[in-house]
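Trainee: The structure is given below, and queries will be raised subsequently.
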Amino acid sequence: MKLTHVRVVGFRSIKEKVTLAVDGKMTVLIGANDNGKTNLLSAIQCLNDREVFDAGDRNWDLSLEQEPSIEWQFRLTSEERLKLLDILDSKLKDEGVTVIRDAGTFELKILFRPDITEQKEPLGALISSVLSLATVVTKGISGEDRFSIPEDVTFCRCGASREIDVRGSDVFGMEELQTELLKLRPRIELFKSVEQLMDVVTLAELEQPTQEFMQGIFRYAGLWDVRNTLFQQSPATTRQLERASEIFTSKIRSEWQQGEELTFRLNHAGQNGNQIELLIQDPAVAERFVRPSERSEGFSTFFKMSMRMLARTAANLSHRHIFLFDEPGTSLHPSGQVNLQRVFERLGVNNQVIYSTHSLFMVNHNRPERNRVIAKGSSGTKVDQKPFLRNWRAVRHSLGLILAGTFFIADRTLLVEGESDALYLGALLAAYDRIDLIDVDLNLFSVQWAGNARDFEPMARLLIDEGRMVVGLVDGDKGGRDLKKRIDKLNAMITSGETLLEHPVAVIELPRDKSIEDLLPDREGYFASVVAAAHELVGGKFRSAADPAVPEDQMLQQLRADQGAKTLGKHVEQVSRSWFAEKESLSKLSVARHYCARLEENGLAKATPLDESIRKIAEALKLETKASEKAVFEVAIVNAQAAAAN
């Protein structure tokens, strides 16, 4: 089952009802400190049996008549629905009810009920009266002729310290189904930052909940089950640690890119070996071993997270997990934070991930629909489910940052002719990625407008000088061909060594007599954006309509009348000029703003073909995929889940 919605009332900073829509893979909670992100994560965690909330979690301003409550809505898989249907089928048969199942459905149809004495034939006509499941099984009064397992189920805690209720359908009132649904719940694991990484422990310390890092080390090295015999040094235990060190090092090197050159050692320490320490042999340090706690924050963040996740999942076996992270990666460099997103992307293949952040570089630029802005006002914590609309205004407000600042850390830049090109290309790459036609990470990518034709080649020089990979995109008209000639001259100088620049510019030329507008999918959506931009100008009294009586359908027909004699952009300029008394064409940037907002909100149809020029751009930029290299904890989680399944 997949978590789809969480509804919270009266819990800590959340006074009025708040609904959080949860993505099937990764959800990002964005907001400043003290706005309720951690409280929302804690509310989600209360799905676990042991994580009950008490009177201290009650919102201070909640009226005495109200009760705090948390609801978790899940979408069941087909396999889970069939399993529940089997249980229902068996229970009905035990009660003497004869049913049939139609292949491909999640329904049972009643053919015979023992409580209806006048029914002679076991395979008689279907009963037409209405009945709830509980009365069929227990009371036997006339009722419904079929029962189905719905797609959604809701778990609820209503009131402090209450047990979890199962809701969503009368059929879930059956005790056997409730028991099975509670078993199917994923395990919620909340990871908060740990200030101190300890790499030396005694047996007593190892058993403490705060020692998840070393617990993960012992599990990963295969020592957990024999830990009670290890904390006294002898030839046998020394050899055990030596073998475990070899196993640990071998696993790390094969599964974690950052650990390919490292050797790990588990040694006895303290009095008579009553402590076990973890040391690292690093080729970059010749004179001594290094402790994990002495490594950089970037290294220790990933390593610490990996081992903690292994310890947590192995100790709480479940067929599925939902991982919650509170402000992960705050100590990482921006590029490290982007890499952490890639780790989460891989983790979200088999589990759901929800994390909070107030860092620009942990905002998901690849899938804006996964971001949620958490803000607190006079009525408590609120959630903006679609902060990417209105040009990310909610995100910019909550972070106090300008998203364009990403340009300064980008390592790959697409250089374009016009401002509207920059808007279109960024939105198109993201939209094609969301329907899985391409797989690209846009977090360290930027689109840059050269300003004008004269500055196109100098801007390319500047970007290359900063060490970026640069791809130039030019139109298929005469102006674009002239720009390409200038870049070709620059590349010839770079290749011959006449300049200190190292990397040539890859140039992609659009098809002859085509501009960016000709590449746009959903042409009708583009025309609707043109009309919307025109109405905006007239409505705001920036322009006067040449004929206020012209209906919108007629405006769209004029746009559709393109005969291909010129680029689509030129055609729109010519048509839109006739709509205004001032005889001025629409701003391309204004149209692009409307189109991109429409694209962000509606997305592309799954059947949309990938434009060849977009494919060439993605390939030329050599953008990373959204998923990282294999991380240690990824394999660990798979192993833990396999053990749970068995």
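By order in the structure tokens, chains are A, B, ...; within a chain, residues start at 1; ligands start at 1, following the order shown.
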At a cut-off of 7 Å, can you tabulate as JSON lines every residue of range 133-232 of chain A near range 281-300 of chain A together with its closest atom pair and the distance in Å to one decimal, using only C-alpha atoms and ordering rows by chain then number?

Mentor:
{"residue": "A:Leu197", "atom": "CA", "partner": "A:Ser293", "partner_atom": "CA", "distance": 5.5}
{"residue": "A:Met198", "atom": "CA", "partner": "A:Ser293", "partner_atom": "CA", "distance": 6.7}
{"residue": "A:Asp199", "atom": "CA", "partner": "A:Pro292", "partner_atom": "CA", "distance": 6.7}

Trainee: Could you pull out the strand (DSSP E) residues of range 340-578 of chain A from DSSP and send them as a PyMOL selection string?

Mentor: chain A and resi 352-357+371-377+380-384+412-416+445-449+469-474+506-509

Trainee: Which residue out of A:Tyr355, A:Phe303, A:Phe542, A:Phe155 has the minimum interatomic distance to Gln341 in chain A when only C-alpha atoms are used?

Mentor: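 Using only C-alpha atoms, the shortest distance to Gln341 in chain A belongs to A:Tyr355.
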
Trainee: I need the residue nearest Thr625 in chain A from this list: A:Ala545, A:Ala427, A:Val572, A:Val338. Use only C-alpha atoms for the distance.

Mentor: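 Going through A:Ala545, A:Ala427, A:Val572, A:Val338 one by one, the smallest distance to Thr625 in chain A is for A:Val338.
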
Trainee: Could you pull the residues within 8 Å of range 524-539 of chain A, counting only C-alpha atoms, minus those fewer than 4 positions along the same chain, as a list of chain:residue names?

Mentor: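 With the cut-off at 8 Å, the set is A:Leu520, A:Arg543, A:Ser544, A:Ala545, A:Glu552, A:Met555, A:Leu556, A:Leu559, A:Arg560, A:Val572, A:Ser576, A:Leu586, A:Ser590, A:Val591, A:Ala592, A:His594, A:Tyr595, A:Arg598.
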
Trainee: Using the selection just defined, write its residues with N, CA and C atoms as a tab-separated table (two decimals), in the first residue's frame.

Mentor:
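For reference, selection-v8.tsv as written:
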chain	number	residue	atom	x	y	z
A	520	LEU	N	7.10	23.13	-29.33
A	520	LEU	CA	6.28	22.97	-28.14
A	520	LEU	C	5.23	21.89	-28.32
A	543	ARG	N	-3.14	47.49	-22.81
A	543	ARG	CA	-3.44	47.61	-24.24
A	543	ARG	C	-4.95	47.83	-24.41
A	544	SER	N	-5.31	48.28	-25.62
A	544	SER	CA	-6.72	48.43	-25.98
A	544	SER	C	-7.04	47.44	-27.09
A	545	ALA	N	-8.16	46.74	-26.96
A	545	ALA	CA	-8.54	45.78	-27.99
A	545	ALA	C	-8.96	46.50	-29.26
A	552	GLU	N	-13.30	34.58	-28.38
A	552	GLU	CA	-12.06	33.83	-28.18
A	552	GLU	C	-11.88	32.75	-29.24
A	555	MET	N	-10.24	34.14	-32.25
A	555	MET	CA	-8.81	34.39	-32.02
A	555	MET	C	-8.02	33.09	-32.17
A	556	LEU	N	-8.58	32.00	-31.62
A	556	LEU	CA	-7.90	30.71	-31.74
A	556	LEU	C	-7.85	30.24	-33.19
A	559	LEU	N	-5.04	31.85	-34.99
A	559	LEU	CA	-3.75	31.26	-34.64
A	559	LEU	C	-3.55	29.91	-35.33
A	560	ARG	N	-4.62	29.16	-35.48
A	560	ARG	CA	-4.52	27.85	-36.11
A	560	ARG	C	-4.30	27.93	-37.62
A	572	VAL	N	2.58	34.04	-34.74
A	572	VAL	CA	1.85	34.55	-33.58
A	572	VAL	C	2.07	36.06	-33.43
A	576	SER	N	-1.21	38.40	-33.45
A	576	SER	CA	-1.52	39.12	-32.21
A	576	SER	C	-1.46	40.63	-32.40
A	586	LEU	N	2.33	40.67	-29.20
A	586	LEU	CA	2.48	40.23	-27.81
A	586	LEU	C	3.95	40.00	-27.47
A	590	SER	N	5.73	37.05	-22.16
A	590	SER	CA	4.41	36.98	-21.54
A	590	SER	C	3.70	35.69	-21.93
A	591	VAL	N	3.78	35.31	-23.22
A	591	VAL	CA	3.16	34.07	-23.68
A	591	VAL	C	3.85	32.87	-23.01
A	592	ALA	N	5.17	32.90	-22.94
A	592	ALA	CA	5.92	31.79	-22.34
A	592	ALA	C	5.54	31.61	-20.88
A	594	HIS	N	2.66	32.19	-19.45
A	594	HIS	CA	1.36	31.51	-19.38
A	594	HIS	C	1.49	30.03	-19.78
A	595	TYR	N	2.25	29.76	-20.84
A	595	TYR	CA	2.38	28.38	-21.31
A	595	TYR	C	3.08	27.51	-20.26
A	598	ARG	N	0.89	26.71	-17.38
A	598	ARG	CA	-0.07	25.69	-17.79
A	598	ARG	C	0.59	24.30	-17.81

Trainee: Name all residues at most 9 Å from range 39-52 of chain A (count only C-alpha atoms; drop same-chain ones fewer than 3 positions away) and give them as a PyMOL selection string.

Mentor: chain A and resi 6+8+11-14+20+35-36+70-72+155-157+160-164+185-190+324-326+354-356+381

Trainee: List every residue of range 494-525 of chain A that DSSP, applied to the backbone of this structure, places in helix (DSSP H, G or I), and write the result as an MDAnalysis selection string.

Mentor: chainID A and resid 494:496 516:519 523:525

Trainee: Output the selection as a PDB file, in the first residue's frame - N, CA and C atoms for each residue.

Mentor:
ATOM      1  N   ILE A 494      39.608  27.102 -29.464  1.00  0.00           N
ATOM      2  CA  ILE A 494      39.803  26.235 -28.295  1.00  0.00           C
ATOM      3  C   ILE A 494      40.550  24.967 -28.704  1.00  0.00           C
ATOM      4  N   THR A 495      40.150  24.383 -29.815  1.00  0.00           N
ATOM      5  CA  THR A 495      40.764  23.134 -30.281  1.00  0.00           C
ATOM      6  C   THR A 495      42.230  23.328 -30.651  1.00  0.00           C
ATOM      7  N   SER A 496      42.556  24.486 -31.232  1.00  0.00           N
ATOM      8  CA  SER A 496      43.932  24.740 -31.676  1.00  0.00           C
ATOM      9  C   SER A 496      44.838  25.212 -30.547  1.00  0.00           C
ATOM     10  N   ILE A 516      11.801  27.996 -31.202  1.00  0.00           N
ATOM     11  CA  ILE A 516      11.431  27.181 -30.054  1.00  0.00           C
ATOM     12  C   ILE A 516       9.929  26.907 -30.012  1.00  0.00           C
ATOM     13  N   GLU A 517       9.122  27.885 -30.462  1.00  0.00           N
ATOM     14  CA  GLU A 517       7.667  27.691 -30.419  1.00  0.00           C
ATOM     15  C   GLU A 517       7.219  26.503 -31.268  1.00  0.00           C
ATOM     16  N   ASP A 518       7.956  26.227 -32.357  1.00  0.00           N
ATOM     17  CA  ASP A 518       7.591  25.099 -33.225  1.00  0.00           C
ATOM     18  C   ASP A 518       7.811  23.748 -32.545  1.00  0.00           C
ATOM     19  N   LEU A 519       8.624  23.726 -31.490  1.00  0.00           N
ATOM     20  CA  LEU A 519       8.920  22.466 -30.802  1.00  0.00           C
ATOM     21  C   LEU A 519       7.935  22.153 -29.685  1.00  0.00           C
ATOM     22  N   ARG A 523       0.106  22.066 -28.876  1.00  0.00           N
ATOM     23  CA  ARG A 523      -0.011  23.334 -29.610  1.00  0.00           C
ATOM     24  C   ARG A 523      -1.279  24.081 -29.235  1.00  0.00           C
ATOM     25  N   GLU A 524      -2.374  23.348 -28.987  1.00  0.00           N
ATOM     26  CA  GLU A 524      -3.605  24.025 -28.579  1.00  0.00           C
ATOM     27  C   GLU A 524      -3.411  24.739 -27.243  1.00  0.00           C
ATOM     28  N   GLY A 525      -2.638  24.120 -26.344  1.00  0.00           N
ATOM     29  CA  GLY A 525      -2.336  24.783 -25.082  1.00  0.00           C
ATOM     30  C   GLY A 525      -1.511  26.041 -25.284  1.00  0.00           C
TER      31      GLY A 525
END

Trainee: Would you mind listing what lies within 7 Å of range 261-265 of chain A as a PyMOL selection string, with only C-alpha atoms counted and same-chain residues fewer than 6 positions away left out?

Mentor: chain A and resi 245+248-249+278-282

Trainee: Go ahead and write the residues just picked, N, CA and C atoms, as an mmCIF file, in the first residue's frame.

Mentor:
data_model
loop_
_atom_site.group_PDB
_atom_site.id
_atom_site.type_symbol
_atom_site.label_atom_id
_atom_site.label_comp_id
_atom_site.auth_asym_id
_atom_site.auth_seq_id
_atom_site.Cartn_x
_atom_site.Cartn_y
_atom_site.Cartn_z
ATOM 1 N N SER A 245 35.976 -7.430 9.594
ATOM 2 C CA SER A 245 36.527 -6.244 8.939
ATOM 3 C C SER A 245 36.684 -6.469 7.440
ATOM 4 N N PHE A 248 33.213 -6.411 5.905
ATOM 5 C CA PHE A 248 32.715 -5.044 5.893
ATOM 6 C C PHE A 248 33.361 -4.247 4.758
ATOM 7 N N THR A 249 34.678 -4.335 4.647
ATOM 8 C CA THR A 249 35.403 -3.589 3.609
ATOM 9 C C THR A 249 34.976 -4.032 2.220
ATOM 10 N N LEU A 278 35.869 1.342 15.496
ATOM 11 C CA LEU A 278 35.912 1.268 14.032
ATOM 12 C C LEU A 278 36.941 2.277 13.536
ATOM 13 N N LEU A 279 37.914 1.804 12.735
ATOM 14 C CA LEU A 279 38.950 2.656 12.165
ATOM 15 C C LEU A 279 38.936 2.523 10.644
ATOM 16 N N ILE A 280 39.460 3.559 9.983
ATOM 17 C CA ILE A 280 39.499 3.573 8.521
ATOM 18 C C ILE A 280 40.938 3.769 8.065
ATOM 19 N N GLN A 281 41.376 2.925 7.144
ATOM 20 C CA GLN A 281 42.674 3.121 6.500
ATOM 21 C C GLN A 281 42.425 3.814 5.166
ATOM 22 N N ASP A 282 42.922 5.058 5.077
ATOM 23 C CA ASP A 282 42.681 5.904 3.903
ATOM 24 C C ASP A 282 44.000 6.101 3.165
#

Trainee: So, counting only C-alpha atoms, which residue among A:Gly24, A:Pro609, A:Gly348, A:Gly467 is closest to Ile438 in chain A?

Mentor: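 Ranking A:Gly24, A:Pro609, A:Gly348, A:Gly467 by distance to Ile438 in chain A, first place goes to A:Pro609.
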
Trainee: Show which residues sit within 9 Å of range 235-244 of chain A, as a PyMOL selection string. Count only C-alpha atoms, and ignore same-chain residues fewer than 3 positions away.

Mentor: chain A and resi 218+220-223+229-232+247-249+265-268

Trainee: Could you check which of A:Ala314, A:Leu184, A:Leu108, A:Val505 is closest to Lys489 in chain A, using only C-alpha atoms?

Mentor: A:Val505

Trainee: Quick one: distance from CA of Thr413 in chain A to CA of Trp256 in chain A in Å, one decimal?

Mentor: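 Computed distance, CA of Thr413 in chain A to CA of Trp256 in chain A, equals 28.8 Å.
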
Trainee: Which residue, A:Asp513, A:Val373, A:Arg320, A:Ile252, has the smallest gap to Asn350 in chain A when you use only C-alpha atoms?

Mentor: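 Between A:Asp513, A:Val373, A:Arg320, A:Ile252, the residue approaching Asn350 in chain A most closely is A:Arg320.
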